[in-house]
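S.K.: This is input.cif (mmCIF, C-alpha atoms and all ligand atoms).
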```
data_entry
#
loop_
_atom_site.label_atom_id
_atom_site.label_comp_id
_atom_site.auth_asym_id
_atom_site.auth_seq_id
_atom_site.Cartn_x
_atom_site.Cartn_y
_atom_site.Cartn_z
CA MET S 1 0.00 0.00 0.00
CA ASN S 2 1.43 3.41 -0.85
CA GLU S 3 1.42 6.39 1.54
CA THR S 4 -1.77 7.92 0.09
CA LEU S 5 -3.74 4.69 0.39
CA LYS S 6 -2.36 4.18 3.89
CA THR S 7 -3.52 7.64 4.95
CA ILE S 8 -6.98 7.03 3.47
CA SER S 9 -7.27 3.72 5.29
CA GLN S 10 -6.10 5.22 8.61
CA ARG S 11 -8.51 8.18 8.74
CA TYR S 12 -11.24 7.79 11.32
CA SER S 13 -13.70 10.13 13.00
CA CYS S 14 -12.22 11.33 16.28
CA ARG S 15 -14.85 12.18 18.91
CA SER S 16 -12.72 12.88 21.98
CA PHE S 17 -9.89 15.40 21.81
CA LEU S 18 -7.06 16.31 24.16
CA ASP S 19 -6.38 19.92 25.07
CA LYS S 20 -3.45 20.18 22.65
CA MET S 21 -3.31 22.50 19.65
CA PRO S 22 -1.72 21.42 16.35
CA SER S 23 1.15 23.69 15.35
CA ASP S 24 0.60 26.67 13.07
CA ALA S 25 2.77 24.99 10.43
CA GLU S 26 0.52 21.92 10.53
CA LEU S 27 -2.65 24.02 10.39
CA THR S 28 -1.30 25.97 7.42
CA ALA S 29 -0.40 22.75 5.57
CA ILE S 30 -3.85 21.31 6.34
CA ALA S 31 -5.70 24.43 5.18
CA ASN S 32 -3.58 24.54 2.02
CA ALA S 33 -4.58 20.95 1.27
CA GLY S 34 -8.20 22.13 1.41
CA LEU S 35 -7.41 24.93 -1.04
CA GLN S 36 -5.76 22.41 -3.35
CA ALA S 37 -9.11 20.64 -3.86
CA PRO S 38 -10.73 20.68 -7.29
CA SER S 39 -13.96 22.64 -7.72
CA GLY S 40 -16.36 22.87 -10.64
CA MET S 41 -14.92 25.36 -13.16
CA ASN S 42 -12.34 26.11 -10.47
CA ARG S 43 -14.92 28.41 -8.85
CA GLN S 44 -13.54 27.93 -5.30
CA HIS S 45 -16.76 29.13 -3.69
CA TRP S 46 -15.31 28.43 -0.28
CA GLN S 47 -13.65 30.29 2.54
CA LEU S 48 -11.63 28.26 5.03
CA ILE S 49 -11.66 29.78 8.49
CA VAL S 50 -9.20 28.32 10.99
CA VAL S 51 -10.73 28.81 14.43
CA LYS S 52 -8.31 28.43 17.35
CA ASN S 53 -10.26 30.58 19.79
CA LYS S 54 -11.57 28.44 22.67
CA ASP S 55 -14.21 30.98 23.71
CA ILE S 56 -15.70 31.18 20.23
CA ILE S 57 -15.72 27.39 19.88
CA SER S 58 -17.49 27.02 23.27
CA GLU S 59 -19.99 29.74 22.44
CA MET S 60 -20.78 28.10 19.12
CA GLU S 61 -21.18 24.68 20.70
CA ALA S 62 -23.55 26.01 23.38
CA GLU S 63 -25.64 27.79 20.75
CA GLY S 64 -25.70 24.73 18.47
CA LEU S 65 -26.98 22.53 21.27
CA ARG S 66 -29.53 25.15 22.30
CA ALA S 67 -30.83 25.50 18.73
CA LEU S 68 -30.98 21.72 18.32
CA SER S 69 -32.92 21.34 21.58
CA GLU S 70 -35.65 23.52 20.04
CA PHE S 71 -36.06 21.44 16.88
CA PRO S 72 -39.53 19.80 16.80
CA ASP S 73 -37.92 16.36 16.39
CA LYS S 74 -35.95 15.81 19.60
CA ALA S 75 -34.36 12.49 18.54
CA LEU S 76 -31.02 13.91 17.40
CA TYR S 77 -30.72 16.20 20.42
CA GLN S 78 -31.43 13.30 22.76
CA ARG S 79 -28.89 11.12 20.94
CA ILE S 80 -26.19 13.78 21.25
CA MET S 81 -27.00 14.40 24.91
CA SER S 82 -26.86 10.67 25.69
CA ARG S 83 -23.39 10.56 24.07
CA GLY S 84 -21.98 13.32 26.32
CA GLY S 85 -23.70 16.47 25.03
CA LYS S 86 -20.88 17.58 22.72
CA LEU S 87 -20.93 18.88 19.16
CA PHE S 88 -17.20 19.61 19.03
CA TYR S 89 -15.83 16.94 21.39
CA ASN S 90 -13.40 19.39 23.10
CA ALA S 91 -11.49 19.90 19.83
CA PRO S 92 -9.00 22.75 20.38
CA CYS S 93 -9.35 23.90 16.83
CA LEU S 94 -11.62 23.63 13.80
CA ILE S 95 -11.66 24.68 10.19
CA MET S 96 -15.01 26.15 9.27
CA LEU S 97 -15.78 25.82 5.58
CA ALA S 98 -18.07 28.67 4.58
CA VAL S 99 -19.68 28.44 1.17
CA LYS S 100 -21.23 30.67 -1.48
CA GLU S 101 -24.07 29.37 -3.66
CA ALA S 102 -23.07 28.32 -7.18
CA PHE S 103 -24.97 27.47 -10.34
CA PRO S 104 -26.50 24.91 -10.52
CA LYS S 105 -27.51 25.33 -6.88
CA GLY S 106 -25.96 22.65 -4.71
CA ALA S 107 -22.87 22.10 -6.87
CA GLU S 108 -20.89 24.18 -4.40
CA LEU S 109 -21.56 21.59 -1.70
CA ILE S 110 -19.83 18.91 -3.74
CA ASP S 111 -16.78 21.18 -3.98
CA LEU S 112 -16.96 21.80 -0.25
CA GLY S 113 -17.09 18.10 0.57
CA ILE S 114 -14.01 17.45 -1.53
CA ALA S 115 -12.14 20.30 0.18
CA ALA S 116 -13.22 18.98 3.58
CA GLN S 117 -11.92 15.53 2.76
CA ASN S 118 -8.61 16.98 1.55
CA ILE S 119 -8.40 18.67 4.96
CA ALA S 120 -9.20 15.43 6.80
CA LEU S 121 -6.68 13.39 4.83
CA ALA S 122 -3.93 16.00 5.12
CA ALA S 123 -4.53 16.12 8.88
CA THR S 124 -4.43 12.33 9.16
CA SER S 125 -1.20 12.22 7.18
CA LEU S 126 0.34 14.60 9.75
CA GLY S 127 -0.94 12.64 12.74
CA VAL S 128 -3.60 15.25 13.50
CA ASP S 129 -6.89 13.57 14.42
CA ASN S 130 -10.06 14.96 12.92
CA VAL S 131 -13.75 14.57 12.22
CA HIS S 132 -16.06 16.18 9.71
CA CYS S 133 -18.73 18.10 11.59
CA GLY S 134 -21.93 18.78 9.68
CA PHE S 135 -23.57 19.55 13.03
CA ALA S 136 -21.58 22.80 13.09
CA ALA S 137 -24.43 24.16 10.98
CA PHE S 138 -26.72 24.00 14.04
CA CYS S 139 -24.72 26.87 15.57
CA PHE S 140 -26.11 29.05 12.78
CA ALA S 141 -29.69 27.74 13.01
CA GLY S 142 -30.89 30.14 15.71
CA GLY S 143 -30.62 33.84 16.39
CA LYS S 144 -26.81 33.98 16.58
CA ALA S 145 -26.05 33.25 12.92
CA GLU S 146 -25.08 36.83 12.14
CA THR S 147 -22.99 37.10 15.31
CA PHE S 148 -20.97 34.03 14.38
CA LYS S 149 -20.62 35.11 10.74
CA ARG S 150 -19.15 38.36 12.03
CA LYS S 151 -16.90 36.74 14.61
CA LEU S 152 -15.59 34.25 12.04
CA ARG S 153 -15.32 36.98 9.40
CA PHE S 154 -17.43 35.23 6.76
CA PRO S 155 -17.11 37.10 3.46
CA GLU S 156 -20.32 38.75 2.22
CA GLY S 157 -22.69 36.21 0.67
CA TYR S 158 -21.15 33.19 2.39
CA GLU S 159 -23.08 30.75 4.57
CA VAL S 160 -22.08 27.94 6.90
CA GLY S 161 -21.13 24.70 5.14
CA LEU S 162 -19.48 22.31 7.54
CA ALA S 163 -16.49 22.19 9.85
CA VAL S 164 -13.60 19.81 10.29
CA LEU S 165 -12.56 19.44 13.92
CA LEU S 166 -8.81 19.05 14.48
CA GLY S 167 -6.56 18.05 17.34
CA TYR S 168 -5.23 14.96 19.05
CA GLY S 169 -7.49 12.13 20.14
CA ASN S 170 -7.59 10.66 23.64
CA GLU S 171 -7.09 7.33 21.94
CA ARG S 172 -6.77 6.11 18.38
CA GLY S 173 -10.12 5.21 16.85
CA THR S 174 -10.80 2.52 14.31
CA PRO S 175 -11.72 3.46 10.77
CA HIS S 176 -14.94 1.86 9.52
CA ALA S 177 -14.45 -1.24 7.38
CA PRO S 178 -15.05 -0.71 3.67
CA ASN S 179 -18.13 -2.60 2.45
CA PRO S 180 -17.21 -4.41 -0.79
CA LYS S 181 -20.92 -4.77 -1.65
CA LYS S 182 -20.92 -1.05 -2.34
CA VAL S 183 -18.80 -1.59 -5.46
CA THR S 184 -20.37 -2.99 -8.61
CA VAL S 185 -18.12 -4.08 -11.45
CA ILE S 186 -19.63 -4.40 -14.91
CA GLU S 187 -17.50 -6.40 -17.35
C1 LIG M 1 -20.38 15.49 5.60
C2 LIG M 1 -20.16 14.78 6.90
C3 LIG M 1 -20.65 15.31 8.07
C4 LIG M 1 -20.41 14.69 9.29
N1 LIG M 1 -20.83 15.27 10.43
C5 LIG M 1 -20.55 14.72 11.62
C6 LIG M 1 -20.91 15.38 12.83
O1 LIG M 1 -21.49 16.46 12.83
N2 LIG M 1 -20.58 14.79 14.00
C7 LIG M 1 -19.91 13.59 14.04
O2 LIG M 1 -19.63 13.11 15.14
N3 LIG M 1 -19.54 12.94 12.91
C8 LIG M 1 -19.84 13.48 11.71
N4 LIG M 1 -19.42 12.87 10.55
C9 LIG M 1 -18.62 11.63 10.63
C10 LIG M 1 -19.40 10.38 10.22
O3 LIG M 1 -20.33 10.03 11.20
C11 LIG M 1 -18.35 9.26 9.98
O4 LIG M 1 -17.54 9.60 8.89
C12 LIG M 1 -18.97 7.90 9.72
O5 LIG M 1 -19.69 7.45 10.84
C13 LIG M 1 -17.89 6.84 9.36
O6 LIG M 1 -16.95 6.70 10.39
P1 LIG M 1 -15.37 6.98 10.16
O7 LIG M 1 -15.24 8.38 9.63
O8 LIG M 1 -14.77 6.84 11.53
O9 LIG M 1 -14.86 5.96 9.21
C14 LIG M 1 -19.68 13.46 9.33
C15 LIG M 1 -19.19 12.93 8.13
C16 LIG M 1 -19.42 13.58 6.94
C17 LIG M 1 -18.83 13.00 5.67
#
```
Spit out the file's structure as structure tokens when you get a sec.

M.R.:
Amino acid sequence: MNETLKTISQRYSCRSFLDKMPSDAELTAIANAGLQAPSGMNRQHWQLIVVKNKDIISEMEAEGLRALSEFPDKALYQRIMSRGGKLFYNAPCLIMLAVKEAFPKGAELIDLGIAAQNIALAATSLGVDNVHCGFAAFCFAGGKAETFKRKLRFPEGYEVGLAVLLGYGNERGTPHAPNPKKVTVIE
């Protein structure tokens, strides 16, 4: 197995982080890997925001949980609360991927997913644990959306996409096993 395949096979979703920040050099390399992602017509309708500020991360998490608790369907909120009541798992740092709508609508989210996975794989390759965090969008679901857009300096016209949480795990997790039934070969 070459290094790329090894990194892909080693990536797992980390859901318990130590209080230890990756270095600035690592964070820069990881963000650059996100920027290296392909995008339709090279539109790059993304803005990567590296958030290292503990207070902002805590404030966002509290607001995300609060907004989620008010959703009519309580199942997800109850599931998260039963697993420790965390959206960000004490991650010291996250990269927020903000996104601007493209044409056709929704295409920008494909670009964003690819950039997020570049970030996750670059982090894994450097020994920085990570997890994609779609739930970061809940932080923007209530009345504090504009506050967080301002604090995170979203460019005009950009909305929340997803975040990738970064740091060092309390213990190494196990990647999920690939399911060979999900590949069909037509000969
Ligand atoms: C777009 C996307 C959003 C995700 N959002 C979350 C999230 O908000 N919280 C979380 O704990 N895991 C999240 N995950 C991680 C998935 O649950 C995880 O990838 C899946 O269970 C497979 O496990 P593995 O990544 O450890 O192989 C997300 C994954 C993707 C691709």

S.K.: Smallest atom-to-atom distance to Leu121 of chain S: which of S:Gly157, S:Gly173, S:Gly64, S:Gly34, using all atoms listed in the file?

M.R.: S:Gly34

S.K.: Can I get the residues close to ligand LIG 1 (chain M) as a list in words, where close means within 8 Å and we count all atoms listed in the file?

M.R.: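 These are the residues that qualify: Arg11, Tyr12, Ser13, Cys14, Arg15, Leu87, Phe88, Gly113, Gln117, Val131, His132, Cys133, Gly134, Phe135, Ala136, Leu162, Gly173, Thr174, Pro175, His176 and Ala177 of chain S.
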
S.K.: Output the selection as an mmCIF file, in the frame of the given file - C-alpha atoms for each residue.

M.R.:
```cif
data_model
loop_
_atom_site.group_PDB
_atom_site.id
_atom_site.type_symbol
_atom_site.label_atom_id
_atom_site.label_comp_id
_atom_site.auth_asym_id
_atom_site.auth_seq_id
_atom_site.Cartn_x
_atom_site.Cartn_y
_atom_site.Cartn_z
ATOM 1 C CA ARG S 11 -8.510 8.180 8.740
ATOM 2 C CA TYR S 12 -11.240 7.790 11.320
ATOM 3 C CA SER S 13 -13.700 10.130 13.000
ATOM 4 C CA CYS S 14 -12.220 11.330 16.280
ATOM 5 C CA ARG S 15 -14.850 12.180 18.910
ATOM 6 C CA LEU S 87 -20.930 18.880 19.160
ATOM 7 C CA PHE S 88 -17.200 19.610 19.030
ATOM 8 C CA GLY S 113 -17.090 18.100 0.570
ATOM 9 C CA GLN S 117 -11.920 15.530 2.760
ATOM 10 C CA VAL S 131 -13.750 14.570 12.220
ATOM 11 C CA HIS S 132 -16.060 16.180 9.710
ATOM 12 C CA CYS S 133 -18.730 18.100 11.590
ATOM 13 C CA GLY S 134 -21.930 18.780 9.680
ATOM 14 C CA PHE S 135 -23.570 19.550 13.030
ATOM 15 C CA ALA S 136 -21.580 22.800 13.090
ATOM 16 C CA LEU S 162 -19.480 22.310 7.540
ATOM 17 C CA GLY S 173 -10.120 5.210 16.850
ATOM 18 C CA THR S 174 -10.800 2.520 14.310
ATOM 19 C CA PRO S 175 -11.720 3.460 10.770
ATOM 20 C CA HIS S 176 -14.940 1.860 9.520
ATOM 21 C CA ALA S 177 -14.450 -1.240 7.380
#
```

S.K.: Which residues come within 12 Å of Thr7 of chain S, counting all atoms listed in the file, excluding same-chain residues fewer than 2 positions away, as a list in words?

M.R.: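 Residues meeting the cut-off are Met1, Asn2, Glu3, Thr4, Leu5, Ser9, Gln10, Arg11, Tyr12, Gln117, Asn118, Ala120, Leu121, Ala122, Ala123, Thr124, Ser125, Leu126, Gly127, Val128, Asp129 and Pro175 of chain S.
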
S.K.: Suppose you want the space between atom CA of Leu68 of chain S and atom CA of Arg150 of chain S; what is it in Å?

M.R.: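 Computing it gives 21.4 Å between the two atoms.
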
S.K.: Quick one: distance from atom CA of Leu76 of chain S to atom CA of Lys151 of chain S in Å, one decimal?

M.R.: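 So the two atoms, atom CA of Leu76 of chain S and atom CA of Lys151 of chain S, lie 27.0 Å apart.
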
S.K.: Would you list the residues near (-14.1, 23.7, 14.1), meaning any protein, DNA or RNA residue with an atom at most 8 Å from that point in file coordinates, counting all atoms listed in the file, as a PyMOL selection string?

M.R.: chain S and resi 50-51+57+88+91+93-96+133+136+163-166

S.K.: Which one of S:Ile56, S:Met41, S:Leu65, S:Ala75 sits closest to Ala107 of chain S if you count only C-alpha atoms?

M.R.: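 That would be S:Met41, the residue with the smallest distance to Ala107 of chain S.
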
S.K.: How big is the axis-aligned box, and where does its centre sit, when it encloses all atoms of segment 129-140 of chain S listed in the file and has 6 Å added on every side, reported in Å to one decimal as AutoDock Vina command-line options?

M.R.:
```
--center_x -16.8 --center_y 21.3 --center_z 12.6 --size_x 31.8 --size_y 27.5 --size_z 17.9
```

S.K.: Between S:Gly167, S:Gly106, S:Pro72, S:Gly40, which one has atoms that come closest to Pro22 of chain S, using all atoms listed in the file?

M.R.: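 With all atoms listed in the file as the atom set, the closest residue is S:Gly167.
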
S.K.: For His45 of chain S, which of S:Leu97, S:Ile119, S:Leu18, S:Ala141 is the closest residue, counting all atoms listed in the file?

M.R.: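 With all atoms listed in the file as the atom set, the closest residue is S:Leu97.
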
S.K.: What gap, in Å, lies between atom CA of Ser16 of chain S and atom CA of Ala62 of chain S?

M.R.: 17.1 Å

S.K.: Between S:Phe138, S:Pro180, S:Pro104, S:Asn130, which residue has the minimum interatomic distance to Glu70 of chain S, considering all atoms listed in the file?

M.R.: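 Checking each of S:Phe138, S:Pro180, S:Pro104, S:Asn130 against Glu70 of chain S, counting all atoms listed in the file, the winner is S:Phe138.
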
S.K.: Near Glu159 of chain S, counting all atoms listed in the file, which residues have an atom at most 10 Å away, once you skip same-chain residues fewer than 2 positions from it, shown as a PDB file with C-alpha atoms, in the frame of the given file?

M.R.:
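Output (selection22.pdb):
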```
ATOM      1  CA  TRP S  46     -15.310  28.430  -0.280  1.00  0.00           C
ATOM      2  CA  GLN S  47     -13.650  30.290   2.540  1.00  0.00           C
ATOM      3  CA  LEU S  97     -15.780  25.820   5.580  1.00  0.00           C
ATOM      4  CA  ALA S  98     -18.070  28.670   4.580  1.00  0.00           C
ATOM      5  CA  VAL S  99     -19.680  28.440   1.170  1.00  0.00           C
ATOM      6  CA  LYS S 100     -21.230  30.670  -1.480  1.00  0.00           C
ATOM      7  CA  GLU S 101     -24.070  29.370  -3.660  1.00  0.00           C
ATOM      8  CA  ALA S 137     -24.430  24.160  10.980  1.00  0.00           C
ATOM      9  CA  PHE S 140     -26.110  29.050  12.780  1.00  0.00           C
ATOM     10  CA  ALA S 145     -26.050  33.250  12.920  1.00  0.00           C
ATOM     11  CA  GLU S 146     -25.080  36.830  12.140  1.00  0.00           C
ATOM     12  CA  LYS S 149     -20.620  35.110  10.740  1.00  0.00           C
ATOM     13  CA  PHE S 154     -17.430  35.230   6.760  1.00  0.00           C
ATOM     14  CA  PRO S 155     -17.110  37.100   3.460  1.00  0.00           C
ATOM     15  CA  GLU S 156     -20.320  38.750   2.220  1.00  0.00           C
ATOM     16  CA  GLY S 157     -22.690  36.210   0.670  1.00  0.00           C
ATOM     17  CA  GLY S 161     -21.130  24.700   5.140  1.00  0.00           C
ATOM     18  CA  LEU S 162     -19.480  22.310   7.540  1.00  0.00           C
TER      19      LEU S 162
END
```

S.K.: Using only C-alpha atoms, find the one residue out of S:Leu35, S:Val160, S:Ala102, S:Leu27 that sits nearest to Ile114 of chain S.

M.R.: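 Looking at the shortest contact to Ile114 of chain S, the residue is S:Leu35.
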